[in-house]
Every structure is written in structure tokens, then in C-alpha cells.
>>> print(open('coords.cif').read())   # mmCIF, C-alpha atoms
data_query
#
loop_
_atom_site.label_atom_id
_atom_site.label_comp_id
_atom_site.auth_asym_id
_atom_site.auth_seq_id
_atom_site.Cartn_x
_atom_site.Cartn_y
_atom_site.Cartn_z
CA MET A 1411 17.26 4.10 -20.11
CA ASN A 1412 16.65 6.54 -17.23
CA VAL A 1413 13.18 6.29 -15.73
CA VAL A 1414 11.58 7.69 -12.58
CA ALA A 1415 9.03 6.06 -10.26
CA SER A 1416 7.06 8.20 -7.83
CA PHE A 1417 7.34 5.92 -4.77
CA SER A 1418 9.05 2.76 -3.51
CA ILE A 1419 6.43 0.11 -4.33
CA LEU A 1420 6.10 1.34 -7.90
CA GLY A 1421 9.90 1.54 -8.17
CA ASP A 1422 10.10 -2.16 -7.23
CA PHE A 1423 7.64 -3.08 -10.01
CA VAL A 1424 9.58 -1.02 -12.57
CA ARG A 1425 12.93 -2.59 -11.57
CA SER A 1426 11.43 -6.08 -11.76
CA VAL A 1427 10.23 -5.51 -15.33
CA GLY A 1428 13.06 -3.26 -16.55
CA GLY A 1429 15.94 -5.37 -15.29
CA GLU A 1430 19.37 -4.24 -16.43
CA ARG A 1431 18.11 -2.17 -19.36
CA VAL A 1432 16.57 0.42 -17.05
CA ALA A 1433 18.02 2.76 -14.38
CA VAL A 1434 15.20 3.53 -11.94
CA THR A 1435 15.19 6.53 -9.61
CA THR A 1436 12.48 6.53 -6.95
CA LEU A 1437 11.39 9.97 -5.74
CA VAL A 1438 9.82 8.89 -2.41
CA GLY A 1439 12.16 6.23 -1.06
CA PRO A 1440 11.73 3.41 1.49
CA ASN A 1441 9.75 4.38 4.62
CA GLY A 1442 8.77 7.66 2.92
CA ASP A 1443 5.21 8.99 2.80
CA ALA A 1444 4.15 9.87 -0.74
CA HIS A 1445 0.98 11.55 0.60
CA VAL A 1446 2.85 14.42 2.21
CA TYR A 1447 6.03 14.48 0.15
CA THR A 1448 7.59 17.82 -0.76
CA PRO A 1449 9.60 17.63 -4.01
CA THR A 1450 13.13 19.06 -4.11
CA PRO A 1451 14.97 20.89 -6.92
CA ALA A 1452 17.01 17.68 -7.35
CA ASP A 1453 13.76 15.83 -8.17
CA ALA A 1454 13.04 18.24 -11.02
CA LYS A 1455 16.54 17.58 -12.34
CA THR A 1456 16.01 13.81 -12.13
CA ILE A 1457 12.80 14.11 -14.15
CA THR A 1458 14.49 16.30 -16.77
CA SER A 1459 16.93 13.49 -17.58
CA ALA A 1460 14.30 10.72 -17.54
CA LYS A 1461 12.55 9.22 -20.53
CA LEU A 1462 9.56 7.96 -18.56
CA VAL A 1463 7.95 8.95 -15.25
CA PHE A 1464 5.84 6.20 -13.66
CA VAL A 1465 3.09 7.41 -11.34
CA ASN A 1466 0.37 5.61 -9.41
CA GLY A 1467 -2.36 8.11 -10.27
CA LEU A 1468 -5.84 8.07 -8.65
CA GLY A 1469 -4.88 11.25 -6.78
CA PHE A 1470 -2.02 9.58 -4.88
CA GLU A 1471 0.74 12.02 -5.87
CA GLY A 1472 -0.95 15.42 -5.82
CA TRP A 1473 2.44 17.15 -5.99
CA LEU A 1474 3.63 15.39 -9.14
CA PRO A 1475 2.02 17.21 -12.11
CA ARG A 1476 3.53 20.52 -10.96
CA LEU A 1477 6.93 18.88 -10.57
CA VAL A 1478 6.83 17.40 -14.10
CA LYS A 1479 5.82 20.79 -15.47
CA SER A 1480 8.66 22.57 -13.65
CA ALA A 1481 11.08 19.99 -15.08
CA GLY A 1482 10.13 21.07 -18.60
CA GLY A 1483 7.46 18.44 -19.16
CA LYS A 1484 9.43 16.41 -21.74
CA ALA A 1485 9.26 13.01 -20.00
CA THR A 1486 6.34 10.74 -20.83
CA VAL A 1487 4.16 10.25 -17.75
CA VAL A 1488 2.84 6.69 -17.39
CA THR A 1489 -0.08 6.03 -15.03
CA ALA A 1490 0.47 2.52 -13.71
CA THR A 1491 -3.12 2.07 -12.47
CA GLN A 1492 -4.64 2.49 -15.92
CA GLY A 1493 -7.38 -0.12 -16.40
CA ILE A 1494 -7.94 -0.68 -12.67
CA LYS A 1495 -11.46 -0.02 -11.43
CA PRO A 1496 -10.97 2.39 -8.51
CA ARG A 1497 -12.70 1.82 -5.21
CA GLU A 1498 -14.38 4.76 -3.58
CA ALA A 1499 -12.17 6.21 -0.86
CA ASP A 1500 -14.77 5.87 1.86
CA GLU A 1501 -15.91 2.31 1.09
CA GLY A 1502 -15.78 0.27 4.27
CA GLY A 1503 -16.01 3.34 6.49
CA HIS A 1504 -12.29 4.05 6.64
CA ASP A 1505 -11.00 7.02 8.58
CA HIS A 1506 -10.04 9.74 6.15
CA GLY A 1507 -8.74 12.30 8.58
CA GLY A 1508 -5.48 14.07 7.88
CA LYS A 1509 -2.93 12.96 5.34
CA HIS A 1510 -4.99 10.26 3.61
CA ASP A 1511 -7.60 12.55 2.14
CA HIS A 1512 -7.49 11.80 -1.60
CA GLY A 1513 -10.90 12.92 -2.62
CA HIS A 1514 -13.09 10.37 -4.35
CA ASP A 1515 -10.89 7.42 -5.36
CA ASP A 1516 -8.88 5.15 -3.12
CA PRO A 1517 -5.41 5.11 -4.73
CA HIS A 1518 -3.95 2.12 -2.80
CA ALA A 1519 -4.77 -0.27 -5.66
CA TRP A 1520 -1.54 -2.29 -5.24
CA GLN A 1521 -2.96 -3.84 -2.06
CA SER A 1522 -4.76 -6.36 -4.29
CA VAL A 1523 -2.23 -8.74 -5.87
CA ALA A 1524 -4.41 -9.08 -9.00
CA ASN A 1525 -4.14 -5.30 -9.43
CA ALA A 1526 -0.35 -5.53 -9.04
CA GLY A 1527 -0.44 -7.65 -12.20
CA ILE A 1528 -2.14 -4.76 -14.03
CA TYR A 1529 0.59 -2.37 -12.83
CA VAL A 1530 3.22 -4.78 -14.19
CA ARG A 1531 1.55 -5.11 -17.62
CA ASN A 1532 1.21 -1.33 -17.93
CA ILE A 1533 4.90 -0.94 -17.03
CA ARG A 1534 5.92 -3.63 -19.54
CA ASN A 1535 3.97 -1.91 -22.34
CA ALA A 1536 5.36 1.54 -21.55
CA LEU A 1537 8.97 0.31 -21.38
CA ALA A 1538 8.60 -1.60 -24.66
CA ALA A 1539 7.10 1.46 -26.38
CA ALA A 1540 9.95 3.69 -25.18
CA ASP A 1541 12.69 1.13 -25.92
CA PRO A 1542 11.49 -1.25 -28.68
CA ALA A 1543 14.88 -2.99 -28.81
CA GLY A 1544 14.28 -4.25 -25.27
CA ALA A 1545 10.66 -5.32 -25.81
CA GLU A 1546 11.43 -9.06 -25.59
CA VAL A 1547 13.43 -8.58 -22.38
CA TYR A 1548 10.61 -6.60 -20.77
CA LYS A 1549 8.09 -9.20 -21.86
CA ALA A 1550 10.14 -12.06 -20.38
CA ASN A 1551 10.81 -10.17 -17.12
CA ALA A 1552 7.13 -9.28 -16.78
CA GLU A 1553 6.07 -12.91 -17.39
CA ALA A 1554 8.49 -14.16 -14.72
CA TYR A 1555 7.23 -11.58 -12.24
CA LEU A 1556 3.56 -12.25 -13.06
CA ASP A 1557 4.20 -15.94 -12.31
CA LYS A 1558 5.50 -14.93 -8.86
CA LEU A 1559 2.38 -12.81 -8.33
CA LEU A 1560 0.15 -15.81 -9.16
CA VAL A 1561 1.91 -17.83 -6.45
CA LEU A 1562 1.60 -14.90 -4.04
CA GLU A 1563 -2.14 -14.50 -4.73
CA SER A 1564 -2.71 -18.18 -4.12
CA ASP A 1565 -0.68 -18.09 -0.87
CA VAL A 1566 -2.61 -15.07 0.43
CA ARG A 1567 -5.94 -16.77 -0.31
CA ALA A 1568 -4.77 -19.99 1.38
CA ALA A 1569 -3.67 -18.03 4.49
CA VAL A 1570 -7.04 -16.23 4.68
CA ALA A 1571 -8.90 -19.53 4.23
CA ASP A 1572 -7.17 -20.81 7.39
CA ILE A 1573 -8.58 -17.91 9.44
CA PRO A 1574 -12.07 -18.72 10.79
CA GLU A 1575 -14.62 -16.53 9.02
CA ALA A 1576 -15.85 -14.84 12.22
CA GLN A 1577 -12.27 -13.84 13.05
CA ARG A 1578 -11.54 -12.01 9.80
CA LYS A 1579 -11.72 -8.48 11.14
CA VAL A 1580 -9.25 -6.10 12.70
CA ILE A 1581 -9.34 -2.57 14.03
CA SER A 1582 -6.83 -0.42 12.19
CA THR A 1583 -6.19 3.27 11.68
CA HIS A 1584 -4.90 2.45 8.18
CA ASP A 1585 -7.34 3.42 5.51
CA ALA A 1586 -4.96 1.92 2.97
CA PHE A 1587 -6.30 -1.63 2.95
CA GLY A 1588 -9.61 -1.18 1.11
CA TYR A 1589 -8.46 -3.15 -1.95
CA PHE A 1590 -6.91 -5.86 0.25
CA SER A 1591 -10.16 -6.12 2.20
CA GLY A 1592 -12.22 -6.25 -1.01
CA ALA A 1593 -10.02 -8.93 -2.57
CA TYR A 1594 -9.43 -11.21 0.43
CA GLY A 1595 -12.34 -10.68 2.80
CA ILE A 1596 -10.52 -9.41 5.88
CA GLN A 1597 -12.48 -6.49 7.29
CA PHE A 1598 -10.56 -3.41 8.42
CA VAL A 1599 -12.65 -1.48 10.92
CA ALA A 1600 -11.78 2.14 11.73
CA PRO A 1601 -11.48 2.85 15.46
CA GLN A 1602 -14.34 5.00 16.71
CA GLY A 1603 -13.53 8.48 17.89
CA VAL A 1604 -9.81 8.46 17.16
CA SER A 1605 -8.46 11.17 14.90
CA THR A 1606 -5.20 10.53 13.06
CA GLU A 1607 -4.17 14.02 14.12
CA SER A 1608 -4.13 13.60 17.90
CA GLU A 1609 -3.25 11.21 20.71
CA ALA A 1610 -6.19 9.12 21.97
CA SER A 1611 -7.89 10.34 25.14
CA ALA A 1612 -9.22 8.08 27.90
CA ARG A 1613 -12.68 8.49 26.39
CA ASP A 1614 -11.39 7.41 22.96
CA VAL A 1615 -9.84 4.31 24.49
CA ALA A 1616 -13.08 3.45 26.34
CA ARG A 1617 -14.92 3.81 23.03
CA ILE A 1618 -12.49 1.50 21.24
CA ILE A 1619 -12.81 -1.09 24.04
CA THR A 1620 -16.62 -1.02 23.73
CA GLN A 1621 -16.34 -1.28 19.95
CA ILE A 1622 -14.02 -4.31 20.10
CA ARG A 1623 -16.25 -6.13 22.59
CA LYS A 1624 -19.43 -5.38 20.68
CA ALA A 1625 -18.07 -6.40 17.26
CA LYS A 1626 -15.97 -9.25 18.74
CA ILE A 1627 -12.87 -8.00 16.94
CA PRO A 1628 -9.92 -10.36 17.56
CA ALA A 1629 -6.95 -8.08 16.77
CA VAL A 1630 -5.94 -4.45 16.94
CA PHE A 1631 -3.48 -2.61 14.68
CA LEU A 1632 -3.55 0.92 16.03
CA GLU A 1633 -0.75 2.99 14.60
CA ASN A 1634 -1.59 6.34 16.07
CA VAL A 1635 -2.46 5.15 19.55
CA SER A 1636 1.26 4.87 19.99
CA ASP A 1637 1.45 4.74 23.78
CA PRO A 1638 2.20 1.05 24.49
CA ARG A 1639 0.45 1.30 27.89
CA LEU A 1640 -2.83 2.27 26.18
CA ILE A 1641 -2.47 -0.54 23.66
CA ARG A 1642 -1.76 -3.01 26.48
CA ARG A 1643 -4.82 -1.77 28.36
CA ILE A 1644 -7.01 -2.19 25.27
CA ALA A 1645 -5.64 -5.72 24.80
CA ALA A 1646 -6.01 -6.66 28.49
CA GLU A 1647 -9.60 -5.41 28.75
CA THR A 1648 -10.86 -6.94 25.51
CA GLY A 1649 -8.74 -10.02 24.95
CA ALA A 1650 -7.89 -8.68 21.48
CA LYS A 1651 -4.37 -9.39 20.28
CA ILE A 1652 -1.99 -6.57 19.48
CA GLY A 1653 -1.35 -7.16 15.84
CA GLY A 1654 2.08 -5.79 14.96
CA THR A 1655 3.06 -3.63 11.99
CA LEU A 1656 1.37 -3.67 8.60
CA TYR A 1657 3.05 -1.96 5.63
CA SER A 1658 0.74 -0.06 3.35
CA ASP A 1659 2.20 2.78 1.29
CA SER A 1660 5.92 2.21 1.40
CA LEU A 1661 8.55 -0.51 1.36
CA THR A 1662 11.24 -0.73 4.02
CA ALA A 1663 15.00 -0.49 3.49
CA GLU A 1664 16.82 -3.65 2.34
CA ASN A 1665 17.29 -4.89 5.92
CA GLY A 1666 13.62 -4.37 6.91
CA ASP A 1667 10.58 -6.66 6.84
CA ALA A 1668 9.32 -5.45 3.47
CA PRO A 1669 12.15 -4.52 1.07
CA THR A 1670 10.10 -5.63 -1.99
CA TYR A 1671 6.40 -5.68 -2.87
CA ILE A 1672 6.21 -9.47 -2.62
CA ALA A 1673 7.97 -9.42 0.77
CA MET A 1674 5.55 -6.70 1.93
CA VAL A 1675 2.42 -8.69 1.04
CA ARG A 1676 3.89 -11.85 2.60
CA HIS A 1677 4.75 -9.95 5.79
CA ASN A 1678 1.26 -8.41 6.01
CA ILE A 1679 -0.65 -11.66 5.51
CA LYS A 1680 1.62 -13.51 7.96
CA THR A 1681 1.10 -10.74 10.55
CA LEU A 1682 -2.67 -10.71 10.01
CA ALA A 1683 -2.99 -14.51 10.10
CA GLY A 1684 -0.83 -14.64 13.25
CA ALA A 1685 -3.10 -12.15 15.01
CA LEU A 1686 -6.43 -13.57 13.76
CA THR A 1687 -5.95 -17.32 14.05
CA PRO A 1688 -7.04 -18.46 17.52
#
>>> encode(input="coords.cif", output="C-alpha cells")
Amino acid sequence: MNVVASFSILGDFVRSVGGERVAVTTLVGPNGDAHVYTPTPADAKTITSAKLVFVNGLGFEGWLPRLVKSAGGKATVVTATQGIKPREADEGGHDHGGKHDHGHDDPHAWQSVANAGIYVRNIRNALAAADPAGAEVYKANAEAYLDKLLVLESDVRAAVADIPEAQRKVISTHDAFGYFSGAYGIQFVAPQGVSTESEASARDVARIITQIRKAKIPAVFLENVSDPRLIRRIAAETGAKIGGTLYSDSLTAENGDAPTYIAMVRHNIKTLAGALTP
């Protein structure tokens, strides 16, 4: 059965549940940004031949409804976040400049492993409804994957428990970790005065240094302050560790750090724990 998933993380869930009965095409592939994606005529063709189109919803893929319509609108669209209580996009004071402006709801629900379980159950139900002959296979695959998620959830909680409570905060330009923060108690603080649209000025850097010292923030993950000299200066003047890369909206290619959802979460918690444990 041909199915489509809007982006790489969702594609991984669908493959895990669908197994060999399902051919999954992912529209926004590894290392792609679903926020700013521009669909191609080939995408419309892909959707025309698909039985199901899996989407995240919560305003994540603003370009998708138009694409489905232009493809003739025959595929059933399945919203994988159905049943998840959305967080408000600005909870936790995240920076919503530029590409991450979704309106009211924060769509990055997969950042909580418990929510990932809801995605998987929704996918299982939709596949079974579209292909009743495979229902038992989908059920068994989903159960096996949900067991892995239970282990993952427990490992993430154990890793956070090892981080002293006062250390559980980082500065990050990601506003994609609201659900992770809510579920596991690591606080993601937006850097003051830095826009995601422009390079940080000397004044911005001074502001961040003051902010880190004042809030005693032990680690910095600053994607858009990309000049390594600035990052090194921030680290040298504050004693904060430079955290490394966190993956939020996209998996990596097979040879990267996060080729699957489970690998992504494991990489992120290991990176966070490494930066936050004294």
C-alpha cells in the first residue's frame, strides 16, 4: 500500500508500524525543514498515487492542504497528533521569530516520548482501517515499537534524574523543545536579544553573557550564533559549556547521529546530559 508522510520523523513512525505491507514516501526528507518547504509537482504526483497521507497537524505543514487539493484530494489525510493536548506556542517564552511562527499551537508534539506513542497508535488505526487484511501485522508492529518507546521514556527520565536539579537549564535558539521541557523538566531558555533572522551583534553577545551569569545557566546550544569565536567567547566568559547539536524537526541521513526517532531522542538526551552534568 502506497502511503505518504509529510516529514522524516513521521515517516519513521509509519515505516515502523507499516513494515513490509506499506511503501512510505516522505515529502520532506532527512535534514529538511518542513516549516519552509516548497512542494514540487512530483509531490502532487506522489500524493495522487497514495492511499493515505500522514500529517503532523497543529499548523506544522501549512503548505500541505493546498498540495493535497492540487493532487485531486482522493487520498485520506490522517492527522497523527489527534488526541494530543497541544501546548501553546509561546509557553516557556520561546523565541518565535522567523520560520517557527505557527500561530497558537506548538506542533512539535513528538518531542515527548509519551506523545510519540499516540502518533504510533493513530498510525496503527489508520493503516488497519485502510488495509484490514494487515490489521494484525500493524497491531503487532505497533506493540513492538511501543515497547521500545517505554524503554526510551524510562531511559530519558533516568538520564534527567542524574542531572542536578539546579543544572537543568540550557540556553537555546530552538523553540522546538517545549514538549520535551514539559515532560522531562529541562528548561530551554531563549537567548535575550538574538533574532533568528540575523547574526548576533557584540551587544547581543554581552546580553547573553549577562543572562547566563544571572540565571546560572550551565550550557549553551546556540544554533544561529554560528561564529565559533563568539560561542567560545560566551563559554570562556561565563563558564557555560558549549552543548553540541540537538535535533528537533528532522532526522539525519542513515550515517548521521539521528537516522531514526529513537536514535534522535537518545542523541539529544545524551548531548544534554553531557553538557549539564558537572
>>> residues_near_point(input="coords.cif", point="(4.6, -10.4, 5.4)", cutoff="12 Å", atoms="all atoms listed in the file", output="ChimeraX atom specification")
/A:1562,1565-1566,1569,1654-1658,1661-1662,1666-1684
>>> atom_distance(input="coords.cif", atom1="CA of Glu1563 in chain A", atom2="CA of Ala1524 in chain A")
7.3 Å
>>> residues_near_point(input="coords.cif", point="(13.7, 16.0, -4.4)", cutoff="12 Å", atoms="all atoms listed in the file", output="ChimeraX atom specification")
/A:1414,1416-1417,1435-1439,1444,1447-1457,1473-1474,1477-1478,1481
>>> closest_residue(input="coords.cif", among="A:Gly1493, A:Pro1440, A:Gly1421, A:Pro1517", to="Gly1467 in chain A", atoms="only C-alpha atoms")
A:Pro1517
>>> atom_distance(input="coords.cif", atom1="CA of Ala1650 in chain A", atom2="CA of Ala1568 in chain A")
23.3 Å
>>> closest_residue(input="coords.cif", among="A:Val1434, A:Val1615, A:Ile1573, A:Val1446", to="Gly1603 in chain A", atoms="all atoms listed in the file")
A:Val1615
>>> atom_distance(input="coords.cif", atom1="CA of Gly1653 in chain A", atom2="CA of Phe1631 in chain A")
5.2 Å
>>> resolve_selection(input="coords.cif", expression="the PyMOL selection byres ((chain A and resi 1555-1558) around 12)", output="VMD selection string")
chain A and resid 1422 to 1429 1523 to 1531 1533 to 1534 1548 to 1554 1559 to 1565 1671 to 1673 1676
>>> closest_residue(input="coords.cif", among="A:Ser1660, A:Thr1458, A:Ser1582, A:Ser1591", to="Ile1419 in chain A", atoms="only C-alpha atoms")
A:Ser1660
>>> closest_residue(input="coords.cif", among="A:Ala1593, A:Ile1644, A:Ala1545, A:Val1599", to="Asp1614 in chain A", atoms="all atoms listed in the file")
A:Ile1644
>>> residues_around(input="coords.cif", residues="Pro1574 in chain A", least_positions_apart="4", cutoff="12 Å", atoms="all atoms listed in the file", output="short mmCIF file (atom, residue, chain, number, x, y, z; two decimals) with C-alpha atoms, in the frame of the given file")
data_model
loop_
_atom_site.label_atom_id
_atom_site.label_comp_id
_atom_site.auth_asym_id
_atom_site.auth_seq_id
_atom_site.Cartn_x
_atom_site.Cartn_y
_atom_site.Cartn_z
CA ALA A 1568 -4.77 -19.99 1.38
CA ALA A 1569 -3.67 -18.03 4.49
CA VAL A 1570 -7.04 -16.23 4.68
CA ARG A 1578 -11.54 -12.01 9.80
CA LYS A 1579 -11.72 -8.48 11.14
CA GLY A 1595 -12.34 -10.68 2.80
CA ILE A 1596 -10.52 -9.41 5.88
CA PRO A 1628 -9.92 -10.36 17.56
CA ALA A 1683 -2.99 -14.51 10.10
CA ALA A 1685 -3.10 -12.15 15.01
CA LEU A 1686 -6.43 -13.57 13.76
CA THR A 1687 -5.95 -17.32 14.05
CA PRO A 1688 -7.04 -18.46 17.52
#
>>> closest_residue(input="coords.cif", among="A:Val1432, A:Ile1494, A:Ala1663, A:Ala1415", to="Gly1544 in chain A", atoms="only C-alpha atoms")
A:Val1432
>>> residues_around(input="coords.cif", residues="Thr1486 in chain A", least_positions_apart="5", cutoff="9 Å", atoms="all atoms listed in the file", output="list in words")
Ala1460, Lys1461, Leu1462, Val1463 and Phe1464 of chain A
>>> closest_residue(input="coords.cif", among="A:Asn1532, A:Asn1441, A:Asn1466, A:Ser1480", to="Ala1519 in chain A", atoms="all atoms listed in the file")
A:Asn1466
